[in-house]
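Colleague: For reference, the structure I am asking about is given below.
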Amino acid sequence: MDQKQPPKSKYTPQDILNRADALQRQMEFSFRDSIIQSTYAEAEKLSKDAVRQKGDALQTWGDRFDRIITNPFTGLPLMGLGLATVIWITIAGANYPSQWIFNFLFWLGDLAKNLFVMMGAPWWLTGFIWDGVYRGLAWVVAVMLPPMAIFFPMFTILEDLGFLPRISFNMDWLFKIAGAHGKQALTMTMGFGCNAAGVTACRIIDSPRERLIAILTNNFVPCNGRFPTLIMLATLFVAAGFQGLASSLIAAGAVVLVVMIGVMFTLLVSALLSRTVLKGEPSSFSLELPPYRKPDIIRIFYTSTVERTLFVLWRAITMAAPCGGIIWLFSNLHISGKSLSLWASQALQPLGHAIGLDGVILLAYIIAIPANEIVVPTILMVYSNADKMVDLATMDQLKALLIDQQGWTLLTAINLMLFSLLHNPCSTAIWTIYSETKSLKWTVVGTLMPLSIAFLVTFIVAQSLRVLGWF
């Protein structure tokens, strides 16, 4: 005997989901948040019925510490102080190793170059390989390796301790206001080491919409490739009147201020995206704070060295390999008695002046798309009219070249800091955005959106200060 089949519904599962989503938007409260609050309220009720506790006897030191670190009034300032400490340690600790690596690699390159000369190799081949490609790679390794070797282990230690989830907990309300996910605080923090690593870390966000917001805005926190420019400017223009420890602390404070501006732009652009092209309801972020744990030294060493430092360094090296060669060609190919670098910088001068910079700085950022680390040496090379990347200069030499000879002012420093903070990602990060999104459209947006913001902000600052007659 045939059984009657139930009547087929005229609504598809997707129709039902769309209707449920529309009804949720009409509510004056978050449906998901209400479910989570109800679940935890019931769990707390059951706990009170089943567990007897006398005073604070069962509270651990971790619980007492969490009362301070997750407090809305003390949590964020303490985490800002922690970030400043990490940045200062990275700046102070990476200085001498960078100089040692730089000297060794340049000595090795000069030795190899002399062998090429002895073998009778053409000057252009010797120059292109050793003065161009090799010196460019040497700069990238010398500038990137020490900061990453310091920053990533410290980051991994905080991760192992259970401190990073508390950062996410404290910043969740800020990202919720921006229409983004609380976990974006973690991916943003990872971007301080390398924006490519920060983009990859966005995988921890389940919502595709919020993951895309985190990917597109990760560039607004400066990676270690941008720190050399920021540190140089902070030292020359902010901490110039101080010596020793005070100088490094003040320079670190100026860099931290720039970082805070980057966090502000992260939140502002996230809010703009979440209310326009990536509009949607923020996902609930239910976070159970893990207990504080003893760091696993072996895991820290492997994660920070192999998975992060060496991986990111190798990707940067492969991307930056052509960069030194391009710089060498621009400085050694001449038309009508002037090098290509001079022709290009003069062509870019009107645009550079409009945003408070100059043509040489813009040329350096164009050439340094594969790696931000070589922005400073490119600027010094063009200003010095040298045919190869020059040695690391002392602060007195930098002051004589940039301020006395080239006429850099405080406006130049302010806008160069802002441009360095906001401009387009490096080629490594651009490729990572494409690898994560599999979309040419969003890769272009992730590249051009911050560049447009950088030009807009620096133009407004430059013109405003000039109208006020300050510069």
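Numbering starts fresh at 1 for the residues of each chain in the structure tokens, the chains themselves are lettered A, B, ... in the order given, and ligands are numbered from 1 as they appear.
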Could you name the residues that touch A:Arg308 at 9 Å or less, counting only C-alpha atoms, but leaving out those on the same chain fewer than 6 positions away, as a list in words?
Modeller: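 In the requested format, the answer is Met148, Phe152, Gly193, Cys194, Ala197 and Tyr302 of chain A.
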Colleague: Can you tell me, as a list of chain:residue names, what residues are no more than 9 Å from stretch 462-465 of chain A when counting only C-alpha atoms, ignoring any on the same chain fewer than 2 positions away?
Modeller: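 With the cut-off at 9 Å, the set is A:His353, A:Ala354, A:Ile355, A:Gly356, A:Leu357, A:Leu411, A:Thr412, A:Asn415, A:Val457, A:Thr458, A:Phe459, A:Ile460, A:Val467, A:Leu468, A:Gly469, A:Trp470, A:Phe471.
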Colleague: Please, could you write that set of residues out with N, CA and C atoms as an mmCIF file, in the first residue's frame?
Modeller:
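And here is the file that came out, part39.cif:
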data_model
loop_
_atom_site.group_PDB
_atom_site.id
_atom_site.type_symbol
_atom_site.label_atom_id
_atom_site.label_comp_id
_atom_site.auth_asym_id
_atom_site.auth_seq_id
_atom_site.Cartn_x
_atom_site.Cartn_y
_atom_site.Cartn_z
ATOM 1 N N HIS A 353 55.519 66.799 -3.961
ATOM 2 C CA HIS A 353 55.394 68.074 -3.237
ATOM 3 C C HIS A 353 53.963 68.289 -2.749
ATOM 4 N N ALA A 354 52.983 67.885 -3.558
ATOM 5 C CA ALA A 354 51.571 68.089 -3.184
ATOM 6 C C ALA A 354 51.214 67.343 -1.910
ATOM 7 N N ILE A 355 51.875 66.237 -1.629
ATOM 8 C CA ILE A 355 51.562 65.452 -0.430
ATOM 9 C C ILE A 355 52.635 65.614 0.647
ATOM 10 N N GLY A 356 53.450 66.657 0.534
ATOM 11 C CA GLY A 356 54.426 66.949 1.576
ATOM 12 C C GLY A 356 55.691 66.132 1.502
ATOM 13 N N LEU A 357 55.927 65.426 0.402
ATOM 14 C CA LEU A 357 57.135 64.609 0.246
ATOM 15 C C LEU A 357 57.929 65.151 -0.945
ATOM 16 N N LEU A 411 57.321 68.631 8.437
ATOM 17 C CA LEU A 411 56.223 68.211 7.556
ATOM 18 C C LEU A 411 56.616 66.969 6.761
ATOM 19 N N THR A 412 57.846 66.941 6.256
ATOM 20 C CA THR A 412 58.329 65.756 5.536
ATOM 21 C C THR A 412 58.287 64.540 6.438
ATOM 22 N N ASN A 415 54.505 63.444 7.218
ATOM 23 C CA ASN A 415 53.816 62.828 6.092
ATOM 24 C C ASN A 415 54.500 61.548 5.619
ATOM 25 N N VAL A 457 45.217 61.290 2.853
ATOM 26 C CA VAL A 457 45.568 61.789 4.187
ATOM 27 C C VAL A 457 46.769 62.723 4.120
ATOM 28 N N THR A 458 47.824 62.321 3.410
ATOM 29 C CA THR A 458 49.027 63.165 3.341
ATOM 30 C C THR A 458 48.751 64.465 2.579
ATOM 31 N N PHE A 459 47.892 64.416 1.563
ATOM 32 C CA PHE A 459 47.533 65.640 0.833
ATOM 33 C C PHE A 459 46.809 66.617 1.755
ATOM 34 N N ILE A 460 45.843 66.099 2.531
ATOM 35 C CA ILE A 460 45.079 66.957 3.441
ATOM 36 C C ILE A 460 45.999 67.568 4.502
ATOM 37 N N VAL A 467 48.471 76.019 4.480
ATOM 38 C CA VAL A 467 47.500 77.119 4.551
ATOM 39 C C VAL A 467 47.626 77.851 5.892
ATOM 40 N N LEU A 468 47.900 77.102 6.945
ATOM 41 C CA LEU A 468 48.074 77.707 8.266
ATOM 42 C C LEU A 468 49.392 78.462 8.389
ATOM 43 N N GLY A 469 50.261 78.278 7.371
ATOM 44 C CA GLY A 469 51.537 78.981 7.361
ATOM 45 C C GLY A 469 52.602 78.369 8.245
ATOM 46 N N TRP A 470 52.418 77.102 8.614
ATOM 47 C CA TRP A 470 53.399 76.453 9.484
ATOM 48 C C TRP A 470 54.602 75.956 8.696
ATOM 49 N N PHE A 471 54.406 75.707 7.372
ATOM 50 C CA PHE A 471 55.511 75.208 6.536
ATOM 51 C C PHE A 471 55.463 75.912 5.180
#
Colleague: Set the distance at 9 Å and use only C-alpha atoms: which residues neighbour A:Leu342 once local chain neighbours fewer than 4 positions away are removed? I'd like the list as a list in words.
Modeller: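 My reading of the contact set: Phe330, Ser331, Lys338, Gln346, Ala347, Val360, Val382 and Asn385 of chain A.
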Colleague: Could you write those residues out with C-alpha atoms, as an mmCIF file, in the first residue's frame?
Modeller:
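Done, and the output landed in part-v1.cif:
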data_model
loop_
_atom_site.group_PDB
_atom_site.id
_atom_site.type_symbol
_atom_site.label_atom_id
_atom_site.label_comp_id
_atom_site.auth_asym_id
_atom_site.auth_seq_id
_atom_site.Cartn_x
_atom_site.Cartn_y
_atom_site.Cartn_z
ATOM 1 C CA PHE A 330 67.985 53.154 -12.571
ATOM 2 C CA SER A 331 71.197 54.602 -11.107
ATOM 3 C CA LYS A 338 71.245 62.122 -16.132
ATOM 4 C CA GLN A 346 61.988 64.804 -11.227
ATOM 5 C CA ALA A 347 58.852 63.591 -13.028
ATOM 6 C CA VAL A 360 62.779 60.700 -4.696
ATOM 7 C CA VAL A 382 69.360 58.528 -5.165
ATOM 8 C CA ASN A 385 73.796 60.062 -6.706
#
Colleague: For A:Thr447, list every protein, DNA or RNA residue within 12 Å, evaluated using only C-alpha atoms, and leave out those in the same chain fewer than 2 positions away; present the list as an MDAnalysis selection string.
Modeller: chainID A and resid 215:220 369 422:434 440:445 449:454
Colleague: Restricted to N, CA and C atoms, what would the selected residues look like written as a short mmCIF file (atom, residue, chain, number, x, y, z; two decimals), in the first residue's frame?
Modeller:
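The resulting file, result_32.cif, is reproduced below:
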data_model
loop_
_atom_site.label_atom_id
_atom_site.label_comp_id
_atom_site.auth_asym_id
_atom_site.auth_seq_id
_atom_site.Cartn_x
_atom_site.Cartn_y
_atom_site.Cartn_z
N ILE A 215 41.39 40.85 6.34
CA ILE A 215 42.45 40.77 5.33
C ILE A 215 42.71 42.13 4.70
N LEU A 216 41.64 42.85 4.35
CA LEU A 216 41.78 44.12 3.65
C LEU A 216 42.34 45.23 4.53
N THR A 217 42.20 45.10 5.85
CA THR A 217 42.65 46.17 6.75
C THR A 217 43.93 45.81 7.50
N ASN A 218 44.48 44.63 7.29
CA ASN A 218 45.68 44.24 8.03
C ASN A 218 46.88 45.12 7.71
N ASN A 219 46.87 45.72 6.54
CA ASN A 219 48.00 46.55 6.10
C ASN A 219 48.17 47.82 6.93
N PHE A 220 47.13 48.21 7.69
CA PHE A 220 47.21 49.48 8.43
C PHE A 220 48.03 49.38 9.71
N ILE A 369 58.25 48.20 -3.89
CA ILE A 369 57.03 47.42 -3.73
C ILE A 369 57.31 45.97 -3.32
N LEU A 422 50.36 53.96 5.85
CA LEU A 422 49.09 53.73 5.15
C LEU A 422 49.23 53.22 3.73
N HIS A 423 50.41 53.26 3.13
CA HIS A 423 50.52 52.96 1.70
C HIS A 423 50.24 51.49 1.40
N ASN A 424 50.30 51.13 0.13
CA ASN A 424 49.93 49.78 -0.34
C ASN A 424 50.81 48.70 0.30
N PRO A 425 50.31 47.47 0.39
CA PRO A 425 51.11 46.37 0.92
C PRO A 425 52.29 46.06 0.00
N CYS A 426 53.29 45.37 0.54
CA CYS A 426 54.40 44.90 -0.29
C CYS A 426 53.91 43.75 -1.16
N SER A 427 54.72 43.36 -2.13
CA SER A 427 54.31 42.31 -3.07
C SER A 427 54.07 40.98 -2.37
N THR A 428 54.81 40.71 -1.28
CA THR A 428 54.60 39.47 -0.52
C THR A 428 53.19 39.45 0.07
N ALA A 429 52.78 40.56 0.67
CA ALA A 429 51.44 40.64 1.25
C ALA A 429 50.37 40.62 0.17
N ILE A 430 50.64 41.29 -0.97
CA ILE A 430 49.67 41.29 -2.07
C ILE A 430 49.43 39.87 -2.57
N TRP A 431 50.52 39.13 -2.75
CA TRP A 431 50.38 37.74 -3.21
C TRP A 431 49.64 36.90 -2.17
N THR A 432 49.88 37.16 -0.90
CA THR A 432 49.20 36.43 0.17
C THR A 432 47.71 36.74 0.18
N ILE A 433 47.35 38.02 -0.06
CA ILE A 433 45.93 38.38 -0.15
C ILE A 433 45.25 37.58 -1.26
N TYR A 434 45.92 37.49 -2.42
CA TYR A 434 45.33 36.72 -3.52
C TYR A 434 45.24 35.23 -3.17
N LEU A 440 40.92 38.21 -7.73
CA LEU A 440 41.69 39.32 -8.27
C LEU A 440 41.07 40.65 -7.85
N LYS A 441 39.73 40.68 -7.79
CA LYS A 441 39.01 41.91 -7.41
C LYS A 441 39.42 42.36 -6.02
N TRP A 442 39.36 41.48 -5.03
CA TRP A 442 39.67 41.87 -3.66
C TRP A 442 41.17 42.10 -3.48
N THR A 443 41.99 41.46 -4.28
CA THR A 443 43.43 41.73 -4.22
C THR A 443 43.71 43.15 -4.69
N VAL A 444 43.05 43.58 -5.76
CA VAL A 444 43.20 44.96 -6.25
C VAL A 444 42.70 45.95 -5.20
N VAL A 445 41.55 45.64 -4.58
CA VAL A 445 41.01 46.52 -3.54
C VAL A 445 41.98 46.60 -2.36
N MET A 449 43.22 50.43 -2.16
CA MET A 449 42.48 51.15 -1.11
C MET A 449 43.42 51.83 -0.11
N PRO A 450 44.38 51.11 0.48
CA PRO A 450 45.28 51.82 1.42
C PRO A 450 46.15 52.86 0.73
N LEU A 451 46.55 52.62 -0.53
CA LEU A 451 47.36 53.60 -1.25
C LEU A 451 46.56 54.88 -1.46
N SER A 452 45.28 54.75 -1.82
CA SER A 452 44.43 55.93 -2.00
C SER A 452 44.26 56.69 -0.70
N ILE A 453 44.09 55.96 0.40
CA ILE A 453 43.95 56.60 1.71
C ILE A 453 45.25 57.34 2.07
N ALA A 454 46.39 56.72 1.77
CA ALA A 454 47.68 57.35 2.06
C ALA A 454 47.83 58.67 1.33
#
Colleague: Just the number, please: distance in Å from atom CA of A:Gly191 to atom CA of A:Ile379, one decimal.
Modeller: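 Between atom CA of A:Gly191 and atom CA of A:Ile379 the gap works out to 25.0 Å.
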Colleague: Would you return as a VMD selection string the members of stretch 269-393 of chain A that DSSP assigns to alpha helix (DSSP H) on this structure's backbone?
Modeller: chain A and resid 269 to 274 297 to 302 311 to 332 340 to 354 359 to 367 375 to 383
Colleague: From the options A:Leu108, A:Val238, A:Leu421, A:Cys323, which residue's atoms come nearest to A:Val258, counting only C-alpha atoms?
Modeller: A:Leu421
Colleague: If we count only C-alpha atoms, what is near A:Gly82 at a cut-off of 12 Å, once residues fewer than 6 positions away on the same chain are taken out, given as a PDB file with C-alpha atoms, in the first residue's frame?
Modeller:
ATOM      1  CA  ILE A  69      44.032  42.736  32.685  1.00  0.00           C
ATOM      2  CA  GLY A  75      43.086  46.417  30.383  1.00  0.00           C
ATOM      3  CA  LEU A  76      43.683  48.509  27.264  1.00  0.00           C
ATOM      4  CA  TRP A  88      61.108  49.061  22.342  1.00  0.00           C
ATOM      5  CA  ILE A  89      62.822  45.704  22.973  1.00  0.00           C
ATOM      6  CA  MET A 154      57.947  37.261  22.108  1.00  0.00           C
ATOM      7  CA  PHE A 155      54.650  37.027  20.243  1.00  0.00           C
ATOM      8  CA  LEU A 158      52.426  35.641  24.788  1.00  0.00           C
ATOM      9  CA  PHE A 163      47.756  36.467  26.913  1.00  0.00           C
ATOM     10  CA  LEU A 164      46.646  36.938  23.282  1.00  0.00           C
ATOM     11  CA  ILE A 167      43.889  41.093  23.964  1.00  0.00           C
ATOM     12  CA  VAL A 256      53.983  53.567  19.209  1.00  0.00           C
TER      13      VAL A 256
END
